[in-house]
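Participant: Got input.txt for you, compact mmCIF, C-alpha atoms:
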# COMPACT_ATOMS: atom_id res chain seq x y z
CA MET A 1 -3.89 -196.43 118.16
CA SER A 2 -4.70 -194.37 121.15
CA PHE A 3 -5.70 -190.76 121.24
CA GLY A 4 -4.80 -188.85 124.31
CA ALA A 5 -4.65 -185.14 125.21
CA PRO A 6 -2.31 -183.08 123.01
CA ALA A 7 1.17 -182.55 124.42
CA GLU A 8 1.73 -179.10 126.04
CA PRO A 9 4.31 -177.03 124.13
CA PRO A 10 7.55 -176.34 125.99
CA HIS A 11 7.49 -173.13 128.02
CA THR A 12 9.79 -170.42 126.69
CA GLU A 13 10.52 -167.29 128.71
CA VAL A 14 10.11 -164.02 126.83
CA PRO A 15 13.29 -161.87 127.12
CA VAL A 16 12.68 -158.50 128.74
CA CYS A 17 14.91 -155.52 129.43
CA PRO A 18 16.30 -155.66 133.03
CA ARG A 19 15.82 -151.91 133.40
CA HIS A 20 12.32 -151.95 131.89
CA PRO A 21 10.68 -155.34 132.65
CA ASP A 22 7.55 -154.33 130.74
CA ARG A 23 9.47 -154.13 127.46
CA VAL A 24 10.24 -157.24 125.39
CA SER A 25 13.59 -157.20 123.61
CA TYR A 26 15.33 -159.85 121.54
CA VAL A 27 18.44 -157.69 121.12
CA ARG A 28 21.16 -158.61 123.58
CA CYS A 29 24.22 -156.73 124.84
CA GLN A 30 27.44 -157.93 123.19
CA ARG A 31 29.26 -157.70 126.54
CA CYS A 32 26.97 -159.16 129.20
CA GLY A 33 24.40 -160.94 127.02
CA ARG A 34 21.36 -159.40 128.71
CA PRO A 35 18.40 -158.12 126.69
CA ALA A 36 18.26 -154.37 126.15
CA CYS A 37 15.33 -152.31 124.95
CA PRO A 38 15.95 -149.52 122.39
CA GLU A 39 16.21 -146.93 125.17
CA CYS A 40 18.99 -148.89 126.90
CA GLN A 41 20.97 -149.78 123.77
CA ARG A 42 24.27 -148.03 123.05
CA SER A 43 26.25 -148.44 119.85
CA ALA A 44 29.66 -150.02 120.37
CA ALA A 45 32.69 -150.68 118.19
CA VAL A 46 31.19 -154.10 117.48
CA GLY A 47 27.43 -154.50 117.81
CA MET A 48 25.53 -153.04 120.72
CA GLN A 49 26.07 -152.77 124.47
CA CYS A 50 23.61 -152.02 127.24
CA VAL A 51 23.76 -148.76 129.15
CA ASP A 52 24.98 -150.51 132.32
CA CYS A 53 28.03 -151.99 130.57
CA VAL A 54 28.82 -148.66 128.92
CA ASN A 55 28.68 -146.87 132.30
CA GLU A 56 30.87 -149.52 133.92
CA LEU A 57 33.47 -149.21 131.20
CA ALA A 58 33.44 -145.42 131.53
CA ARG A 59 34.13 -145.69 135.27
CA ASN A 60 37.07 -147.99 134.67
CA VAL A 61 38.69 -145.82 131.99
CA LYS A 62 41.57 -143.82 133.42
CA VAL A 63 41.32 -140.09 132.80
CA PRO A 64 44.37 -138.92 130.82
CA ARG A 65 46.47 -136.49 132.83
CA THR A 66 49.32 -134.16 132.06
CA VAL A 67 52.80 -134.53 133.49
CA PHE A 68 51.79 -132.05 136.20
CA GLY A 69 48.73 -134.07 137.24
CA GLY A 70 46.05 -131.96 135.60
CA VAL A 71 43.28 -133.47 133.50
CA ALA A 72 44.40 -133.32 129.88
CA VAL A 73 42.29 -130.76 128.03
CA GLY A 74 41.73 -129.84 124.42
CA GLN A 75 40.70 -126.26 123.81
CA PRO A 76 41.86 -123.65 126.38
CA VAL A 77 38.32 -122.82 127.48
CA VAL A 78 39.42 -121.16 130.74
CA THR A 79 41.74 -118.83 128.87
CA VAL A 80 39.00 -117.97 126.40
CA GLY A 81 36.56 -117.50 129.28
CA ILE A 82 38.84 -115.00 131.04
CA ILE A 83 39.39 -113.08 127.80
CA VAL A 84 35.65 -112.95 127.08
CA ALA A 85 34.93 -111.80 130.64
CA CYS A 86 37.50 -109.01 130.38
CA VAL A 87 36.17 -107.85 127.01
CA VAL A 88 32.56 -107.90 128.22
CA VAL A 89 33.50 -105.89 131.32
CA TYR A 90 35.45 -103.45 129.15
CA VAL A 91 32.39 -102.88 126.96
CA LEU A 92 30.29 -102.39 130.09
CA GLN A 93 32.77 -99.76 131.29
CA TRP A 94 31.78 -97.69 128.25
CA VAL A 95 28.07 -98.49 128.31
CA VAL A 96 27.62 -98.35 132.10
CA PRO A 97 30.54 -96.27 133.43
CA ALA A 98 29.52 -96.86 137.04
CA VAL A 99 30.48 -100.55 136.75
CA ALA A 100 34.13 -99.63 137.32
CA ASP A 101 33.23 -97.95 140.61
CA TYR A 102 32.12 -101.32 141.98
CA MET A 103 35.10 -103.31 140.72
CA VAL A 104 38.23 -101.14 140.96
CA TYR A 105 40.60 -101.88 143.84
CA ALA A 106 42.41 -99.51 146.17
CA PRO A 107 43.94 -100.34 149.59
CA ALA A 108 41.24 -98.24 151.22
CA PHE A 109 38.65 -100.91 150.37
CA THR A 110 40.40 -103.48 152.57
CA ALA A 111 41.45 -101.19 155.42
CA GLN A 112 38.07 -100.69 157.12
CA LEU A 113 38.52 -96.92 157.13
CA PRO A 114 35.67 -94.71 158.37
CA GLY A 115 33.18 -93.99 155.63
CA ILE A 116 34.75 -96.46 153.18
CA PRO A 117 33.08 -99.87 152.69
CA PHE A 118 35.06 -103.06 153.35
CA GLU A 119 35.01 -104.83 149.99
CA PRO A 120 37.95 -107.24 149.69
CA TRP A 121 36.52 -108.97 146.60
CA ARG A 122 37.72 -105.96 144.62
CA MET A 123 41.21 -107.46 144.87
CA ILE A 124 40.01 -109.97 142.26
CA THR A 125 37.41 -108.01 140.30
CA ALA A 126 39.93 -105.26 139.49
CA GLY A 127 41.73 -107.84 137.37
CA PHE A 128 38.83 -107.80 134.91
CA LEU A 129 38.81 -104.02 134.45
CA HIS A 130 41.06 -102.10 132.03
CA SER A 131 41.98 -98.50 131.37
CA GLN A 132 39.53 -96.70 129.10
CA GLY A 133 42.09 -94.04 128.29
CA PHE A 134 44.66 -96.47 126.88
CA LEU A 135 43.26 -99.07 124.49
CA LEU A 136 46.56 -100.95 124.28
CA HIS A 137 46.17 -101.83 127.97
CA ILE A 138 43.47 -104.42 127.30
CA VAL A 139 44.86 -105.32 123.86
CA PHE A 140 48.28 -106.26 125.24
CA ASN A 141 46.89 -108.08 128.27
CA MET A 142 44.44 -110.15 126.23
CA TYR A 143 47.07 -110.95 123.62
CA ALA A 144 49.56 -112.07 126.29
CA LEU A 145 46.85 -114.02 128.08
CA TRP A 146 45.97 -115.85 124.87
CA ILE A 147 49.58 -116.64 123.92
CA PHE A 148 50.54 -117.94 127.36
CA GLY A 149 47.15 -119.38 128.28
CA GLN A 150 46.86 -121.68 125.28
CA THR A 151 50.27 -123.11 126.21
CA LEU A 152 49.97 -123.31 129.99
CA GLU A 153 46.32 -124.35 130.41
CA PRO A 154 46.75 -127.72 128.64
CA LEU A 155 49.97 -128.32 130.60
CA LEU A 156 48.56 -127.54 134.05
CA GLY A 157 44.94 -128.56 133.56
CA ARG A 158 42.00 -126.18 133.77
CA ALA A 159 41.51 -126.20 137.53
CA ARG A 160 45.17 -125.57 138.32
CA PHE A 161 45.41 -122.91 135.64
CA ILE A 162 42.47 -120.84 136.88
CA ALA A 163 43.62 -121.23 140.49
CA LEU A 164 47.12 -120.03 139.63
CA TYR A 165 45.81 -117.13 137.57
CA LEU A 166 43.44 -115.87 140.27
CA LEU A 167 46.12 -116.24 142.94
CA ALA A 168 48.43 -114.10 140.80
CA VAL A 169 45.73 -111.44 140.41
CA TRP A 170 45.17 -111.50 144.17
CA GLY A 171 48.91 -111.32 144.75
CA GLY A 172 49.12 -108.21 142.60
CA SER A 173 46.44 -106.53 144.70
CA VAL A 174 48.17 -107.57 147.93
CA ALA A 175 51.39 -105.94 146.68
CA VAL A 176 49.45 -102.75 145.97
CA LEU A 177 48.03 -102.92 149.49
CA LEU A 178 51.48 -103.34 151.06
CA LEU A 179 53.52 -101.07 148.80
CA GLY A 180 51.07 -98.56 147.33
CA GLN A 181 49.17 -95.52 148.55
CA TRP A 182 45.90 -95.96 150.42
CA ASN A 183 43.91 -94.37 147.59
CA GLN A 184 45.89 -95.86 144.68
CA GLY A 185 43.29 -97.39 142.39
CA VAL A 186 44.40 -100.25 140.14
CA VAL A 187 42.78 -102.05 137.22
CA GLY A 188 43.91 -104.65 134.74
CA ALA A 189 44.79 -108.30 134.25
CA SER A 190 48.50 -107.50 134.36
CA GLY A 191 49.01 -109.19 137.73
CA GLY A 192 47.60 -112.42 136.32
CA VAL A 193 49.60 -112.06 133.10
CA PHE A 194 52.83 -111.56 135.05
CA GLY A 195 51.89 -114.68 136.99
CA LEU A 196 51.78 -116.57 133.69
CA PHE A 197 55.19 -115.16 132.76
CA ALA A 198 56.57 -116.56 136.01
CA THR A 199 54.82 -119.89 135.44
CA LEU A 200 56.46 -120.43 132.07
CA PHE A 201 59.83 -119.52 133.60
CA ILE A 202 59.38 -122.07 136.42
CA ILE A 203 58.31 -124.80 133.98
CA GLN A 204 61.27 -124.17 131.71
CA LEU A 205 63.57 -124.09 134.72
CA GLN A 206 62.20 -127.41 135.99
CA ARG A 207 62.63 -128.96 132.55
CA LYS A 208 66.16 -127.54 132.25
CA GLN A 209 65.21 -125.61 129.12
CA ASP A 210 66.63 -122.30 127.89
CA VAL A 211 65.03 -119.55 129.99
CA ARG A 212 66.69 -116.55 128.33
CA GLY A 213 63.69 -115.76 126.15
CA ILE A 214 61.20 -115.54 129.01
CA LEU A 215 63.70 -113.63 131.17
CA VAL A 216 64.09 -111.02 128.43
CA LEU A 217 60.30 -110.73 128.17
CA ILE A 218 59.99 -110.28 131.93
CA ALA A 219 62.77 -107.68 131.93
CA ILE A 220 61.12 -105.67 129.14
CA ASN A 221 57.79 -105.67 130.94
CA ALA A 222 59.52 -104.77 134.20
CA LEU A 223 60.88 -101.64 132.52
CA ILE A 224 57.41 -100.82 131.21
CA SER A 225 56.15 -101.19 134.78
CA LEU A 226 58.27 -98.18 135.78
CA MET A 227 56.40 -95.85 133.44
CA PRO A 228 54.06 -93.26 135.01
CA GLY A 229 50.54 -94.52 135.56
CA VAL A 230 51.57 -98.18 135.59
CA SER A 231 51.24 -100.17 138.83
CA TRP A 232 54.63 -101.82 139.24
CA GLN A 233 53.37 -103.17 142.57
CA ALA A 234 50.64 -105.23 140.91
CA HIS A 235 53.10 -106.56 138.35
CA LEU A 236 55.62 -107.50 141.04
CA GLY A 237 52.99 -109.17 143.21
CA GLY A 238 51.60 -111.18 140.31
CA LEU A 239 55.09 -112.26 139.28
CA VAL A 240 56.09 -113.44 142.76
CA VAL A 241 52.82 -115.22 143.54
CA GLY A 242 52.72 -116.76 140.08
CA ALA A 243 56.20 -118.18 140.62
CA LEU A 244 55.23 -119.60 144.02
CA ALA A 245 52.03 -121.17 142.69
CA ALA A 246 53.84 -122.61 139.68
CA ALA A 247 56.53 -124.09 141.92
CA ALA A 248 53.84 -125.73 144.07
CA ILE A 249 52.42 -127.39 140.95
CA VAL A 250 55.56 -128.17 138.98
CA TYR A 251 57.81 -129.44 141.76
CA ALA A 252 55.24 -131.66 143.49
CA PRO A 253 56.56 -135.26 143.31
CA ARG A 254 54.73 -137.40 140.78
CA GLY A 255 52.59 -140.19 142.18
CA ARG A 256 49.37 -140.69 144.09
CA SER A 257 50.06 -137.75 146.39
CA GLN A 258 50.88 -135.32 143.59
CA ARG A 259 47.45 -133.71 143.39
CA THR A 260 47.15 -133.50 147.17
CA LEU A 261 50.52 -131.79 147.49
CA GLN A 262 49.77 -129.40 144.65
CA TRP A 263 46.45 -128.26 146.06
CA ALA A 264 47.91 -128.08 149.55
CA GLY A 265 50.59 -125.78 148.17
CA LEU A 266 48.06 -123.59 146.37
CA GLY A 267 45.90 -123.53 149.48
CA GLY A 268 48.90 -122.49 151.55
CA ILE A 269 49.56 -119.60 149.17
CA ALA A 270 45.93 -118.51 149.49
CA VAL A 271 46.23 -118.56 153.28
CA LEU A 272 49.45 -116.53 153.05
CA LEU A 273 47.75 -113.94 150.87
CA ALA A 274 44.83 -113.74 153.29
CA VAL A 275 47.23 -113.15 156.19
CA LEU A 276 49.14 -110.51 154.22
CA THR A 277 45.85 -108.84 153.33
CA TRP A 278 44.93 -108.65 157.00
CA ILE A 279 48.38 -107.33 157.97
CA GLY A 280 48.36 -104.81 155.14
CA ALA A 281 44.91 -103.60 156.11
CA THR A 282 46.13 -102.76 159.61
CA LEU A 283 49.06 -100.77 158.19
CA VAL A 284 47.06 -98.54 155.84
CA THR A 285 47.31 -94.90 156.82
CA VAL A 286 45.41 -92.02 155.28
CA THR A 287 47.68 -89.29 153.93
CA ALA A 288 46.79 -85.99 152.38
Let's see the structure in the file written out as structure tokens.
Facilitator:
Amino acid sequence: MSFGAPAEPPHTEVPVCPRHPDRVSYVRCQRCGRPACPECQRSAAVGMQCVDCVNELARNVKVPRTVFGGVAVGQPVVTVGIIVACVVVYVLQWVVPAVADYMVYAPAFTAQLPGIPFEPWRMITAGFLHSQGFLLHIVFNMYALWIFGQTLEPLLGRARFIALYLLAVWGGSVAVLLLGQWNQGVVGASGGVFGLFATLFIIQLQRKQDVRGILVLIAINALISLMPGVSWQAHLGGLVVGALAAAAIVYAPRGRSQRTLQWAGLGGIAVLLAVLTWIGATLVTVTA
């Protein structure tokens, strides 16, 4: 019998987390098999996956989109956001009356007239103001915005919806600039709301659905627009621009170029409105 030196035990490598080599982990990812420390572990349908595999899977998952190319959304958060903004501004109009002086729009603010500041952003901010002397002004606009917004925002996607809405508001102000008096002040989300009316009409037209209901609604509101103290120009501008923006979104061919064509169309409308704003500003004349 011979006695030699004891045999050396086989070397076993201790498993460590690839992201944190100083941390030992015997828990392995169900997908790639690598060790993962508690910080890098993510619960999966079966077992656990490492954070790298989870991120890779997330990148490869296709984002669900609507038929018009927008990212499919759940709650109409943009619609709610616009309504909240309008209500907050309306409250501020009562608490801080001067706020309306900085947001109301009149053609004089884009005409560079002597003694009058050049403030073109009012063409948008006026869409968040409402008449303090007529409570139904904001009530009707917010109700219409909610009814149409919760339908159209999920169809178009949030980005397209807010772009279309703001273009319609801008279009209403441009119509006031071109067709109204130099000192005609306007407030209200009506231009944007009329843009939503036009959008639903264009969508129903594209889908070959019955458009009589929306046409009757537009006709009724067109008659209301002729009442004293109501800016028919803003309503008309919002309606026309809303229809153009909706057509750019709805009639863009489906495929890889759909989003590019849609945003190119919306961008073209924005350029057109900018040009019309410049032209209208040069035509403003001060009358007694």
Participant: Report as a list of chain:residue names all protein, DNA and RNA residues lying within 8 Å of range 48-57 of chain A, evaluated on only C-alpha atoms, omitting residues in the same chain fewer than 5 positions from it.
Facilitator: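 Residues meeting the cut-off are A:Arg28, A:Cys29, A:Gln30, A:Arg31, A:Cys32, A:Arg34, A:Ala36, A:Cys40, A:Gln41, A:Arg42, A:Ser43.
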Participant: Can you work out which one of A:Val46, A:Ala98, A:Val67, A:Ala243 has the shortest atom-to-atom distance to Gln258 in chain A, counting all atoms listed in the file?
Facilitator: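 Of A:Val46, A:Ala98, A:Val67, A:Ala243, the one nearest Gln258 in chain A is A:Val67, counting all atoms listed in the file.
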Participant: Within 10 Å of (48.5, -96.0, 151.8), all atoms listed in the file: residues as a count of residues only?
Facilitator: 20
Participant: Taking all atoms listed in the file into account, produce a table as JSON lines in which each residue of range 26-126 of chain A with an atom at most 7 Å from an atom of range 12-17 of chain A appears once, together with its shortest atom pair and the distance in Å to one decimal, ordered by chain and rising number.
Facilitator:
{"residue": "A:Tyr26", "atom": "CA", "partner": "A:Pro15", "partner_atom": "CA", "distance": 6.3}
{"residue": "A:Pro35", "atom": "CA", "partner": "A:Cys17", "partner_atom": "CA", "distance": 5.1}
{"residue": "A:Ala36", "atom": "CA", "partner": "A:Cys17", "partner_atom": "CA", "distance": 4.8}
{"residue": "A:Cys37", "atom": "CA", "partner": "A:Cys17", "partner_atom": "CA", "distance": 5.5}
Participant: Tell me which of A:Pro76, A:Gly115, A:Gly171, A:Gly133 sits closest to Trp146 in chain A, counting only C-alpha atoms.
Facilitator: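 Nearest to Trp146 in chain A: A:Pro76.
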Participant: Any idea what the distance is between CA of Arg256 in chain A and CA of Ala168 in chain A?
Facilitator: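 So the two atoms, CA of Arg256 in chain A and CA of Ala168 in chain A, lie 26.8 Å apart.
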Participant: Counting only C-alpha atoms, which of A:Thr282, A:Leu155, A:Gly74, A:Arg160 gets nearest to Ala264 in chain A?
Facilitator: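 The answer is A:Arg160, which sits nearest to Ala264 in chain A.
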Participant: Taking all listed atoms of range 206-216 of chain A, build the axis-aligned box, pad each of the six sides by 8 Å, then write its centre and edge lengths in Å to one decimal as JSON.
Facilitator:
{"center_x": 63.9, "center_y": -120.0, "center_z": 131.1, "size_x": 21.5, "size_y": 33.9, "size_z": 25.8}
Participant: Provide the CA of Gly195 in chain A to CA of Tyr165 in chain A distance in Å, to one decimal place.
Facilitator: 6.6 Å
Participant: Using all atoms listed in the file, determine which residues lie at most 10 Å from Pro253 in chain A, disregarding the query and same-chain residues fewer than 5 positions distant; provide the list as a VMD selection string.
Facilitator: chain A and resid 68 to 69 248 258 to 259 261 to 262
Participant: Given the selection you just returned, output its residues as a file containing C-alpha atoms, formatted as a PDB file, in the frame of the given file.
Facilitator:
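Result file is selection_31.pdb:
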ATOM      1  CA  PHE A  68      51.790-132.050 136.200  1.00  0.00           C
ATOM      2  CA  GLY A  69      48.730-134.070 137.240  1.00  0.00           C
ATOM      3  CA  ALA A 248      53.840-125.730 144.070  1.00  0.00           C
ATOM      4  CA  GLN A 258      50.880-135.320 143.590  1.00  0.00           C
ATOM      5  CA  ARG A 259      47.450-133.710 143.390  1.00  0.00           C
ATOM      6  CA  LEU A 261      50.520-131.790 147.490  1.00  0.00           C
ATOM      7  CA  GLN A 262      49.770-129.400 144.650  1.00  0.00           C
TER       8      GLN A 262
END
Participant: Go ahead and compute the interatomic distance for CA of Ile147 in chain A and CA of Val187 in chain A, in Å to one decimal.
Facilitator: 20.9 Å
Participant: Restricting the calculation to all atoms listed in the file: of A:Thr199, A:Ser25, A:Gln75, A:Ser231, which residue gets closest to Ile218 in chain A?
Facilitator: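 That would be A:Thr199, the residue with the smallest distance to Ile218 in chain A.
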Participant: Find the residue from A:Val240, A:Ile202, A:Leu226, A:Ala219 that sits nearest to Gly172 in chain A; use all atoms listed in the file when measuring.
Facilitator: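 Of all the options, A:Val240 lies closest to Gly172 in chain A.
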